[in-house]
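K.L.:
You'll find start_25.txt just under this line, and it carries compact mmCIF, C-alpha atoms.
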# COMPACT_ATOMS: atom_id res chain seq x y z
CA MET A 1 -43.40 -145.39 -101.57
CA ARG A 2 -45.96 -144.77 -104.27
CA GLN A 3 -45.08 -141.53 -106.02
CA ILE A 4 -47.27 -140.72 -109.02
CA HIS A 5 -46.80 -137.02 -109.81
CA LEU A 6 -49.47 -136.36 -112.40
CA PHE A 7 -52.15 -133.90 -111.58
CA SER A 8 -50.82 -130.43 -110.95
CA LEU A 9 -49.77 -127.79 -113.39
CA PHE A 10 -46.19 -126.88 -112.57
CA ILE A 11 -45.40 -129.20 -109.72
CA ILE A 12 -46.44 -132.81 -110.04
CA ILE A 13 -47.57 -134.01 -106.65
CA PRO A 14 -48.51 -137.33 -104.98
CA LEU A 15 -52.16 -137.64 -103.96
CA SER A 16 -53.41 -137.97 -100.41
CA ASN A 17 -55.44 -140.57 -98.59
CA ILE A 18 -58.94 -139.42 -99.54
CA LEU A 19 -61.84 -141.88 -99.54
CA ALA A 20 -63.72 -141.92 -102.85
CA GLN A 21 -67.44 -142.34 -103.08
CA ASN A 22 -68.17 -145.83 -104.28
CA ASN A 23 -70.74 -145.11 -106.98
CA THR A 24 -70.93 -144.92 -110.74
CA ASN A 25 -71.23 -141.13 -110.70
CA ASN A 26 -67.53 -140.99 -109.87
CA ASN A 27 -66.60 -142.64 -113.13
CA SER A 28 -66.26 -139.56 -115.27
CA ILE A 29 -63.62 -136.90 -115.82
CA PHE A 30 -66.10 -134.50 -117.48
CA TRP A 31 -69.01 -132.78 -115.71
CA GLU A 32 -71.79 -130.33 -116.48
CA ILE A 33 -72.49 -127.68 -113.84
CA SER A 34 -76.00 -126.20 -113.83
CA GLY A 35 -78.77 -124.96 -111.56
CA ASN A 36 -78.44 -122.68 -108.54
CA GLY A 37 -79.22 -119.61 -110.64
CA LEU A 38 -76.92 -120.34 -113.57
CA LYS A 39 -78.50 -119.21 -116.86
CA SER A 40 -76.42 -121.67 -118.90
CA PRO A 41 -74.37 -124.73 -117.93
CA SER A 42 -70.63 -124.53 -117.40
CA TYR A 43 -68.23 -127.47 -117.43
CA LEU A 44 -65.58 -129.15 -115.30
CA TYR A 45 -62.88 -131.31 -116.88
CA GLY A 46 -60.26 -133.41 -115.13
CA THR A 47 -56.87 -132.96 -116.74
CA ILE A 48 -53.57 -134.75 -116.40
CA HIS A 49 -50.37 -132.74 -116.80
CA ILE A 50 -48.56 -134.85 -119.36
CA GLN A 51 -47.79 -134.74 -123.09
CA ASP A 52 -48.79 -138.33 -123.82
CA LYS A 53 -50.92 -138.40 -126.98
CA ARG A 54 -53.34 -140.86 -125.41
CA VAL A 55 -54.92 -138.20 -123.19
CA PHE A 56 -55.57 -135.96 -126.21
CA SER A 57 -57.73 -138.50 -128.05
CA MET A 58 -60.93 -137.71 -126.15
CA ASP A 59 -64.42 -137.70 -127.68
CA THR A 60 -65.44 -134.69 -129.77
CA ILE A 61 -68.02 -133.79 -127.08
CA VAL A 62 -65.22 -132.23 -125.03
CA MET A 63 -64.23 -129.71 -127.68
CA LYS A 64 -67.86 -129.01 -128.55
CA LYS A 65 -68.52 -127.94 -124.98
CA PHE A 66 -65.18 -126.10 -124.80
CA ASN A 67 -66.13 -124.04 -127.85
CA LEU A 68 -69.45 -123.06 -126.25
CA CYS A 69 -67.70 -121.49 -123.28
CA GLN A 70 -66.80 -117.83 -122.93
CA ALA A 71 -63.96 -118.45 -120.47
CA TYR A 72 -61.30 -121.02 -119.69
CA ALA A 73 -60.21 -121.48 -116.07
CA MET A 74 -57.22 -123.62 -115.10
CA GLU A 75 -55.49 -124.36 -111.81
CA LEU A 76 -52.68 -121.85 -112.30
CA LEU A 77 -52.78 -119.24 -115.04
CA ILE A 78 -49.21 -119.08 -116.31
CA ASP A 79 -49.51 -115.38 -117.18
CA LYS A 80 -49.99 -114.51 -113.51
CA ILE A 81 -47.04 -116.44 -112.09
CA ASP A 82 -44.14 -114.39 -110.77
CA PRO A 83 -40.98 -116.30 -111.85
CA VAL A 84 -38.91 -114.67 -109.10
CA LYS A 85 -41.37 -115.78 -106.43
CA MET A 86 -41.57 -119.26 -107.90
CA ARG A 87 -37.78 -119.58 -107.91
CA GLU A 88 -37.62 -118.52 -104.26
CA MET A 89 -40.17 -121.13 -103.27
CA ILE A 90 -38.55 -124.08 -105.04
CA MET A 91 -34.95 -123.41 -104.01
CA LEU A 92 -33.27 -124.59 -100.82
CA PRO A 93 -32.75 -121.80 -98.27
CA GLY A 94 -29.46 -119.97 -97.98
CA ASN A 95 -26.52 -121.57 -99.73
CA LYS A 96 -27.63 -125.13 -99.10
CA VAL A 97 -27.47 -127.76 -101.84
CA ILE A 98 -29.03 -131.21 -102.12
CA THR A 99 -25.66 -132.89 -101.56
CA ASN A 100 -25.69 -131.50 -98.01
CA PHE A 101 -28.52 -133.93 -97.25
CA ILE A 102 -27.50 -137.17 -98.98
CA SER A 103 -24.57 -139.57 -98.83
CA LYS A 104 -21.77 -139.65 -101.39
CA THR A 105 -23.15 -142.90 -102.76
CA ASP A 106 -26.62 -141.39 -103.22
CA SER A 107 -25.05 -138.28 -104.74
CA VAL A 108 -23.44 -140.41 -107.45
CA LEU A 109 -26.76 -142.19 -108.14
CA LEU A 110 -28.59 -138.87 -108.35
CA PHE A 111 -25.99 -137.23 -110.60
CA ASP A 112 -25.97 -140.25 -112.92
CA SER A 113 -29.78 -140.23 -113.12
CA TYR A 114 -29.83 -136.52 -113.90
CA LYS A 115 -27.10 -136.86 -116.51
CA ALA A 116 -28.96 -139.74 -118.20
CA ASN A 117 -32.14 -137.68 -118.33
CA TYR A 118 -30.81 -134.22 -119.11
CA GLY A 119 -27.14 -134.55 -120.04
CA GLY A 120 -26.48 -131.11 -118.59
CA ASN A 121 -25.01 -129.36 -115.60
CA PHE A 122 -26.41 -130.42 -112.23
CA ALA A 123 -25.62 -127.08 -110.58
CA LEU A 124 -29.15 -125.65 -110.83
CA LEU A 125 -30.97 -128.76 -109.66
CA ASN A 126 -28.45 -129.10 -106.83
CA ARG A 127 -29.96 -125.90 -105.37
CA MET A 128 -33.56 -127.10 -105.66
CA LYS A 129 -35.59 -128.67 -102.89
CA PRO A 130 -35.52 -132.46 -103.38
CA PHE A 131 -39.27 -132.60 -104.01
CA PHE A 132 -38.87 -130.58 -107.19
CA ILE A 133 -35.84 -132.55 -108.36
CA SER A 134 -37.90 -135.75 -108.22
CA SER A 135 -40.69 -134.02 -110.14
CA GLN A 136 -38.27 -132.88 -112.84
CA LEU A 137 -36.81 -136.35 -113.21
CA MET A 138 -40.22 -138.00 -113.39
CA GLN A 139 -41.55 -135.53 -115.96
CA ASN A 140 -38.62 -136.29 -118.18
CA GLU A 141 -39.39 -140.02 -118.12
CA MET A 142 -42.96 -139.51 -119.38
CA PRO A 143 -43.86 -139.65 -123.10
CA LYS A 144 -43.71 -136.30 -124.90
CA ASP A 145 -45.75 -136.96 -128.01
CA MET A 146 -47.43 -133.55 -127.94
CA PRO A 147 -45.83 -130.09 -127.73
CA ASP A 148 -47.78 -129.16 -124.59
CA ALA A 149 -49.38 -130.82 -121.60
CA LEU A 150 -53.18 -131.09 -121.74
CA ASP A 151 -54.03 -128.09 -119.58
CA MET A 152 -51.63 -125.88 -121.53
CA TYR A 153 -53.12 -127.16 -124.79
CA PHE A 154 -56.54 -125.93 -123.66
CA LEU A 155 -55.01 -122.58 -122.63
CA LYS A 156 -53.55 -122.00 -126.09
CA LEU A 157 -56.87 -122.87 -127.70
CA ALA A 158 -58.66 -120.46 -125.37
CA LYS A 159 -56.29 -117.61 -126.19
CA LYS A 160 -56.57 -118.29 -129.91
CA ALA A 161 -60.36 -118.08 -129.60
CA ASN A 162 -60.10 -114.87 -127.52
CA LYS A 163 -61.76 -116.45 -124.51
CA THR A 164 -61.30 -114.98 -121.05
CA THR A 165 -58.57 -116.92 -119.22
CA LEU A 166 -58.66 -117.35 -115.46
CA GLY A 167 -56.63 -118.91 -112.66
CA ILE A 168 -58.57 -120.98 -110.15
CA GLU A 169 -55.87 -120.74 -107.49
CA GLU A 170 -52.55 -119.09 -106.75
CA LEU A 171 -49.01 -120.45 -106.83
CA SER A 172 -48.80 -120.40 -103.04
CA ASP A 173 -51.77 -122.78 -102.82
CA GLN A 174 -49.72 -125.50 -104.50
CA LEU A 175 -46.20 -124.70 -103.38
CA GLY A 176 -47.22 -123.83 -99.84
CA ALA A 177 -48.23 -127.43 -99.24
CA ILE A 178 -44.67 -128.56 -100.00
CA GLU A 179 -43.49 -126.72 -96.90
CA LYS A 180 -45.46 -129.28 -94.90
CA ILE A 181 -42.96 -131.98 -95.95
CA SER A 182 -39.58 -131.87 -94.20
CA ILE A 183 -36.40 -131.85 -96.27
CA ASP A 184 -35.53 -135.30 -94.90
CA GLU A 185 -38.89 -136.66 -96.07
CA GLN A 186 -38.40 -135.03 -99.47
CA VAL A 187 -34.94 -136.58 -99.76
CA LYS A 188 -36.37 -140.03 -99.07
CA MET A 189 -39.03 -139.51 -101.75
CA LEU A 190 -36.38 -138.43 -104.23
CA MET A 191 -33.98 -141.30 -103.62
CA ASP A 192 -36.82 -143.87 -103.60
CA ALA A 193 -37.73 -142.68 -107.09
CA VAL A 194 -34.12 -142.69 -108.32
CA LYS A 195 -33.50 -146.22 -107.03
CA ASP A 196 -36.71 -147.81 -108.34
CA THR A 197 -37.61 -146.32 -111.72
CA SER A 198 -39.34 -149.48 -112.96
CA LYS A 199 -41.91 -149.25 -110.18
CA GLN A 200 -42.58 -145.62 -111.08
CA GLU A 201 -43.17 -146.56 -114.72
CA ASN A 202 -45.59 -149.35 -113.79
CA ASN A 203 -47.51 -147.08 -111.44
CA PHE A 204 -47.71 -144.41 -114.14
CA GLU A 205 -49.21 -146.84 -116.66
CA ASP A 206 -51.74 -148.15 -114.14
CA LEU A 207 -52.83 -144.63 -113.23
CA LEU A 208 -52.97 -143.52 -116.85
CA ASP A 209 -55.16 -146.52 -117.66
CA ALA A 210 -57.53 -145.50 -114.87
CA TYR A 211 -57.62 -141.96 -116.27
CA LEU A 212 -58.37 -143.13 -119.81
CA ASN A 213 -61.22 -145.22 -118.39
CA SER A 214 -62.53 -142.21 -116.44
CA ASN A 215 -62.29 -144.22 -113.23
CA LEU A 216 -61.78 -141.72 -110.43
CA ASP A 217 -62.21 -144.36 -107.75
CA GLU A 218 -59.35 -146.42 -109.16
CA MET A 219 -57.17 -143.35 -109.62
CA LEU A 220 -57.58 -142.42 -105.97
CA LYS A 221 -56.91 -146.01 -104.91
CA LEU A 222 -53.70 -146.21 -106.97
CA SER A 223 -52.54 -142.83 -105.74
CA ASN A 224 -53.23 -143.43 -102.09
CA ASP A 225 -50.05 -142.52 -100.19
CA THR A 226 -50.26 -142.66 -96.41
CA THR A 227 -46.51 -142.15 -95.96
CA LEU A 228 -46.80 -138.39 -96.42
CA PRO A 229 -47.54 -136.08 -93.47
CA GLU A 230 -51.27 -135.66 -92.83
CA ASN A 231 -50.91 -131.86 -92.76
CA PHE A 232 -49.48 -132.01 -96.30
CA ASN A 233 -52.35 -134.16 -97.50
CA LYS A 234 -54.86 -131.75 -96.00
CA ALA A 235 -53.15 -128.65 -97.39
CA PHE A 236 -52.52 -130.05 -100.84
CA LEU A 237 -55.81 -131.72 -101.60
CA ILE A 238 -58.62 -130.99 -99.13
CA ASP A 239 -57.91 -127.29 -98.56
CA ARG A 240 -57.24 -126.67 -102.24
CA ASN A 241 -60.44 -128.48 -103.23
CA LYS A 242 -62.42 -126.03 -101.11
CA LYS A 243 -60.83 -123.02 -102.76
CA MET A 244 -61.22 -124.55 -106.23
CA ALA A 245 -64.93 -125.20 -105.68
CA LYS A 246 -65.44 -121.65 -104.41
CA ASN A 247 -63.73 -120.03 -107.40
CA ILE A 248 -65.25 -122.37 -109.96
CA ALA A 249 -68.71 -121.47 -108.63
CA LYS A 250 -67.81 -117.77 -108.86
CA TYR A 251 -66.56 -118.02 -112.45
CA CYS A 252 -69.58 -120.04 -113.60
CA THR A 253 -71.85 -117.36 -112.17
CA GLU A 254 -70.05 -114.67 -114.15
CA GLN A 255 -69.85 -116.45 -117.53
CA ILE A 256 -70.06 -119.85 -119.22
CA THR A 257 -66.76 -121.39 -118.15
CA PHE A 258 -64.74 -124.48 -119.06
CA ASN A 259 -62.91 -125.31 -115.82
CA ALA A 260 -59.87 -127.61 -116.02
CA ILE A 261 -58.35 -129.02 -112.85
CA GLY A 262 -56.23 -132.03 -112.03
CA ALA A 263 -58.42 -135.14 -112.19
CA ALA A 264 -57.46 -136.14 -108.63
CA HIS A 265 -59.39 -133.15 -107.33
CA LEU A 266 -62.72 -134.29 -108.78
CA GLY A 267 -63.81 -137.36 -106.84
CA GLY A 268 -64.38 -138.33 -103.24
CA LYS A 269 -66.52 -136.98 -100.43
CA GLU A 270 -64.28 -133.91 -100.22
CA GLY A 271 -63.67 -133.60 -103.97
CA VAL A 272 -64.67 -130.62 -106.08
CA VAL A 273 -67.68 -132.37 -107.64
CA GLU A 274 -69.24 -133.10 -104.25
CA LEU A 275 -68.34 -129.65 -102.90
CA LEU A 276 -70.13 -127.97 -105.82
CA ARG A 277 -73.19 -130.13 -105.17
CA LYS A 278 -73.15 -129.02 -101.52
CA LYS A 279 -73.21 -125.43 -102.78
CA GLY A 280 -76.49 -126.20 -104.53
CA TYR A 281 -75.32 -126.89 -108.07
CA THR A 282 -76.41 -129.82 -110.18
CA VAL A 283 -73.23 -131.57 -111.31
CA LYS A 284 -73.85 -134.32 -113.85
CA PRO A 285 -71.27 -136.61 -115.48
CA ILE A 286 -70.72 -136.50 -119.23
CA LEU A 287 -69.48 -139.76 -120.74
CA VAL A 288 -66.03 -139.40 -122.33
CA LYS A 289 -64.21 -142.13 -124.19
CA PHE A 290 -60.69 -142.08 -125.58
CA ASN A 291 -59.86 -143.37 -129.05
CA ASN A 292 -56.63 -145.28 -128.36
Once more with this new file: its structure as structure tokens, please.

P.N.:
Amino acid sequence: MRQIHLFSLFIIIPLSNILAQNNTNNNSIFWEISGNGLKSPSYLYGTIHIQDKRVFSMDTIVMKKFNLCQAYAMELLIDKIDPVKMREMIMLPGNKVITNFISKTDSVLLFDSYKANYGGNFALLNRMKPFFISSQLMQNEMPKDMPDALDMYFLKLAKKANKTTLGIEELSDQLGAIEKISIDEQVKMLMDAVKDTSKQENNFEDLLDAYLNSNLDEMLKLSNDTTLPENFNKAFLIDRNKKMAKNIAKYCTEQITFNAIGAAHLGGKEGVVELLRKKGYTVKPILVKFNN
């Protein structure tokens, strides 16, 4: 199973089987939004929720446009997240623990993997839904050159500059999609990742290379995972894209906004770029290169 968890803010989720448009206009992670009554352009930037220094070395054009904006909108605004609600949504129901769902042999493999990554007590993760355990383990394997992930870096800059900060969606939009995956399916995803870490690392590098080359088509191709339930794919990507496009359009109407969403949400016939165009906006790519 391909399991590249890169594009969301708090939970790092595999992408669904969405067909990308095969044209050069898809090859950008940065877009200008204009027309349809907007007095000034706003911007849409595809982020990747990692701390790898390579994704921070973008052209100066990105920060120039960021500084022009009055507001910064990101997928989930951390200030608005209820930690109690989040904890309820990521924990297994009742008094269940992950070891209720896996064999003793797999338990040993999982404990050893967690100990190697965190060196701490497994008690808390043992209560978490397996999907979130795999996300935690994968995040820990990624480079942490920078103090914050890219979207959080932009948030801190926005607050320092006294920009308005906005959330494009709610926690339930992301976490609700997880409920579409059965616990058994989540367990399989988790143990696949634990047993084949080298494959995960190779997939990560391939996807990161596609991101640094602003190749949305290749990112979608690499992230294509048809093993997940179709209702999850629809809820996590297609339905969320519609809400993102709606709120981004609203924010851009109210003020000049720098919108940052996971790069996987940009491309394709049902991606945010195309949905904004269908709403009547002119959405043009801005060339971005990375200095690596």

K.L.:
Find the residues near A:Val55: any atom within 9 Å, counting all atoms listed in the file, skip ones fewer than 3 places away on the same chain, and give them as number ranges by chain.

P.N.:
A: 47-48, 50-52, 58, 150, 208, 211-212, 290, 292

K.L.:
Can you find the residues with an atom no farther than 9 Å from (-63.3, -123.9, -121.4), counting all atoms listed in the file, and report them as a PyMOL selection string?

P.N.:
chain A and resi 42-45+63+65-74+154-155+158+163+165+256-260

K.L.:
Determine the nearest neighbour of A:Thr164 from the options A:Gly267, A:Gln255, A:Asp217, A:Asp59, counting all atoms listed in the file.

P.N.:
A:Gln255

K.L.:
Measure the distance from atom CA of A:Asp151 to atom CA of A:Leu124 in Å and round it to one decimal.

P.N.:
26.5 Å

K.L.:
One decimal, in Å: what's the spacing between atom CA of A:Lys284 and atom CA of A:Val272?

P.N.:
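Calculated distance between atom CA of A:Lys284 and atom CA of A:Val272 is 12.6 Å.
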
K.L.:
Using only C-alpha atoms, which protein or nucleic acid residues come within 9 Å of A:Met89? Drop anything in the same chain fewer than 2 positions from it, and give the result as a compact mmCIF listing (two decimals) with C-alpha atoms, in the coordinates of the input.

P.N.:
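Output saved as around_1.txt:
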# COMPACT_ATOMS: atom_id res chain seq x y z
CA VAL A 84 -38.91 -114.67 -109.10
CA LYS A 85 -41.37 -115.78 -106.43
CA MET A 86 -41.57 -119.26 -107.90
CA ARG A 87 -37.78 -119.58 -107.91
CA MET A 91 -34.95 -123.41 -104.01
CA LEU A 92 -33.27 -124.59 -100.82
CA PRO A 93 -32.75 -121.80 -98.27
CA LYS A 129 -35.59 -128.67 -102.89
CA SER A 172 -48.80 -120.40 -103.04
CA LEU A 175 -46.20 -124.70 -103.38
CA GLY A 176 -47.22 -123.83 -99.84

K.L.:
When you draw a straight line from atom CA of A:Leu276 to atom CA of A:Leu207, how long is it in Å?

P.N.:
25.1 Å

K.L.:
Between A:Val273, A:Ile168, A:Ala245, A:Val194, which has the minimum distance to A:Glu75 (counting only C-alpha atoms)?

P.N.:
A:Ile168

K.L.:
List every protein, DNA or RNA residue that has at least one atom no more than 6 Å from (-74.5, -130.2, -111.4) in the file's coordinates, counting all atoms listed in the file, and write the result as an MDAnalysis selection string.

P.N.:
chainID A and resid 32:34 281:284

K.L.:
Of the candidates A:Pro285, A:Gly271, A:Gly262, A:Gly280, which shows the shortest atom-to-atom distance to A:Asp239, using only C-alpha atoms?

P.N.:
A:Gly271

K.L.:
When you count only C-alpha atoms, which of these residues is closest to A:Phe204: A:Lys250, A:Leu77, A:Glu141, A:Lys180?

P.N.:
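Nearest to A:Phe204: A:Glu141.
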
K.L.:
Residues near A:Arg240, anyone? I mean within 8 Å using all atoms listed in the file, not counting same-chain ones fewer than 5 positions away, as a PyMOL selection string.

P.N.:
chain A and resi 173-174+235

K.L.:
Which is closest to A:Thr105 among A:Ile261, A:Met138, A:Ala123, A:Met191, if we use only C-alpha atoms?

P.N.:
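Nearest candidate to A:Thr105 out of A:Ile261, A:Met138, A:Ala123, A:Met191: A:Met191.
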
K.L.:
So, with all atoms listed in the file as the atoms that count, which of A:Leu109, A:Ala116, A:Ala210, A:Leu171 lies closest to A:Phe236?

P.N.:
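Under the stated criterion, the closest residue is A:Leu171.
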
K.L.:
Near A:Ala263, within 6 Å and counting only C-alpha atoms, which residues show up once chain neighbours fewer than 2 positions away are dropped, as a ChimeraX atom specification?

P.N.:
/A:46-47,265-266

K.L.:
Complete the atoms of stretch 123-134 of chain A to all heavy atoms and put them out as an mmCIF file, in the frame of the given file.

P.N.:
data_model
loop_
_atom_site.group_PDB
_atom_site.id
_atom_site.type_symbol
_atom_site.label_atom_id
_atom_site.label_comp_id
_atom_site.auth_asym_id
_atom_site.auth_seq_id
_atom_site.Cartn_x
_atom_site.Cartn_y
_atom_site.Cartn_z
ATOM 1 N N ALA A 123 -25.747 -128.173 -111.546
ATOM 2 C CA ALA A 123 -25.620 -127.080 -110.580
ATOM 3 C C ALA A 123 -26.965 -126.479 -110.177
ATOM 4 O O ALA A 123 -27.208 -126.222 -108.995
ATOM 5 C CB ALA A 123 -24.713 -125.987 -111.160
ATOM 6 N N LEU A 124 -27.859 -126.260 -111.141
ATOM 7 C CA LEU A 124 -29.150 -125.650 -110.830
ATOM 8 C C LEU A 124 -30.020 -126.573 -109.994
ATOM 9 O O LEU A 124 -30.567 -126.169 -108.961
ATOM 10 C CB LEU A 124 -29.883 -125.267 -112.112
ATOM 11 C CG LEU A 124 -31.281 -124.663 -111.912
ATOM 12 C CD1 LEU A 124 -31.178 -123.371 -111.103
ATOM 13 C CD2 LEU A 124 -31.945 -124.387 -113.258
ATOM 14 N N LEU A 125 -30.144 -127.829 -110.420
ATOM 15 C CA LEU A 125 -30.970 -128.760 -109.660
ATOM 16 C C LEU A 125 -30.394 -129.020 -108.278
ATOM 17 O O LEU A 125 -31.136 -129.313 -107.340
ATOM 18 C CB LEU A 125 -31.130 -130.090 -110.425
ATOM 19 C CG LEU A 125 -32.524 -130.268 -111.054
ATOM 20 C CD1 LEU A 125 -32.712 -129.272 -112.185
ATOM 21 C CD2 LEU A 125 -32.743 -131.673 -111.536
ATOM 22 N N ASN A 126 -29.085 -128.891 -108.139
ATOM 23 C CA ASN A 126 -28.450 -129.100 -106.830
ATOM 24 C C ASN A 126 -28.944 -128.094 -105.801
ATOM 25 O O ASN A 126 -28.902 -128.347 -104.607
ATOM 26 C CB ASN A 126 -26.929 -129.002 -106.984
ATOM 27 C CG ASN A 126 -26.198 -129.711 -105.860
ATOM 28 O OD1 ASN A 126 -26.751 -130.553 -105.168
ATOM 29 N ND2 ASN A 126 -24.935 -129.364 -105.681
ATOM 30 N N ARG A 127 -29.438 -126.941 -106.267
ATOM 31 C CA ARG A 127 -29.960 -125.900 -105.370
ATOM 32 C C ARG A 127 -31.434 -126.075 -105.070
ATOM 33 O O ARG A 127 -31.978 -125.418 -104.193
ATOM 34 C CB ARG A 127 -29.758 -124.524 -106.012
ATOM 35 C CG ARG A 127 -28.319 -124.023 -106.089
ATOM 36 C CD ARG A 127 -27.803 -123.573 -104.741
ATOM 37 N NE ARG A 127 -28.820 -122.943 -103.910
ATOM 38 C CZ ARG A 127 -29.262 -121.682 -104.072
ATOM 39 N NH1 ARG A 127 -28.776 -120.927 -105.031
ATOM 40 N NH2 ARG A 127 -30.176 -121.198 -103.254
ATOM 41 N N MET A 128 -32.119 -126.941 -105.813
ATOM 42 C CA MET A 128 -33.560 -127.100 -105.660
ATOM 43 C C MET A 128 -33.911 -128.000 -104.485
ATOM 44 O O MET A 128 -33.150 -128.886 -104.120
ATOM 45 C CB MET A 128 -34.163 -127.663 -106.952
ATOM 46 C CG MET A 128 -34.102 -126.718 -108.129
ATOM 47 S SD MET A 128 -34.621 -127.525 -109.676
ATOM 48 C CE MET A 128 -36.361 -127.833 -109.300
ATOM 49 N N LYS A 129 -35.082 -127.761 -103.913
ATOM 50 C CA LYS A 129 -35.590 -128.670 -102.890
ATOM 51 C C LYS A 129 -35.786 -130.041 -103.534
ATOM 52 O O LYS A 129 -36.185 -130.149 -104.696
ATOM 53 C CB LYS A 129 -36.908 -128.141 -102.331
ATOM 54 C CG LYS A 129 -36.735 -126.850 -101.534
ATOM 55 C CD LYS A 129 -38.064 -126.269 -101.095
ATOM 56 C CE LYS A 129 -37.853 -124.960 -100.347
ATOM 57 N NZ LYS A 129 -39.128 -124.296 -99.991
ATOM 58 N N PRO A 130 -35.493 -131.116 -102.791
ATOM 59 C CA PRO A 130 -35.520 -132.460 -103.380
ATOM 60 C C PRO A 130 -36.868 -132.827 -103.993
ATOM 61 O O PRO A 130 -36.926 -133.582 -104.963
ATOM 62 C CB PRO A 130 -35.164 -133.379 -102.207
ATOM 63 C CG PRO A 130 -35.255 -132.545 -100.981
ATOM 64 C CD PRO A 130 -35.018 -131.144 -101.393
ATOM 65 N N PHE A 131 -37.953 -132.309 -103.459
ATOM 66 C CA PHE A 131 -39.270 -132.600 -104.010
ATOM 67 C C PHE A 131 -39.336 -132.225 -105.486
ATOM 68 O O PHE A 131 -39.883 -132.960 -106.315
ATOM 69 C CB PHE A 131 -40.328 -131.830 -103.228
ATOM 70 C CG PHE A 131 -41.740 -132.221 -103.574
ATOM 71 C CD1 PHE A 131 -42.406 -133.169 -102.814
ATOM 72 C CD2 PHE A 131 -42.394 -131.660 -104.648
ATOM 73 C CE1 PHE A 131 -43.701 -133.535 -103.125
ATOM 74 C CE2 PHE A 131 -43.686 -132.020 -104.964
ATOM 75 C CZ PHE A 131 -44.341 -132.963 -104.201
ATOM 76 N N PHE A 132 -38.778 -131.081 -105.829
ATOM 77 C CA PHE A 132 -38.870 -130.580 -107.190
ATOM 78 C C PHE A 132 -37.863 -131.273 -108.120
ATOM 79 O O PHE A 132 -38.086 -131.369 -109.325
ATOM 80 C CB PHE A 132 -38.685 -129.067 -107.211
ATOM 81 C CG PHE A 132 -39.729 -128.360 -106.404
ATOM 82 C CD1 PHE A 132 -39.443 -127.887 -105.136
ATOM 83 C CD2 PHE A 132 -41.018 -128.222 -106.883
ATOM 84 C CE1 PHE A 132 -40.410 -127.269 -104.373
ATOM 85 C CE2 PHE A 132 -41.995 -127.599 -106.126
ATOM 86 C CZ PHE A 132 -41.693 -127.118 -104.869
ATOM 87 N N ILE A 133 -36.764 -131.754 -107.546
ATOM 88 C CA ILE A 133 -35.840 -132.550 -108.360
ATOM 89 C C ILE A 133 -36.523 -133.834 -108.791
ATOM 90 O O ILE A 133 -36.450 -134.222 -109.967
ATOM 91 C CB ILE A 133 -34.555 -132.878 -107.564
ATOM 92 C CG1 ILE A 133 -33.828 -131.596 -107.149
ATOM 93 C CG2 ILE A 133 -33.632 -133.755 -108.411
ATOM 94 C CD1 ILE A 133 -32.601 -131.846 -106.287
ATOM 95 N N SER A 134 -37.213 -134.498 -107.866
ATOM 96 C CA SER A 134 -37.900 -135.750 -108.220
ATOM 97 C C SER A 134 -38.981 -135.489 -109.256
ATOM 98 O O SER A 134 -39.194 -136.296 -110.168
ATOM 99 C CB SER A 134 -38.479 -136.419 -106.970
ATOM 100 O OG SER A 134 -39.412 -135.583 -106.327
#
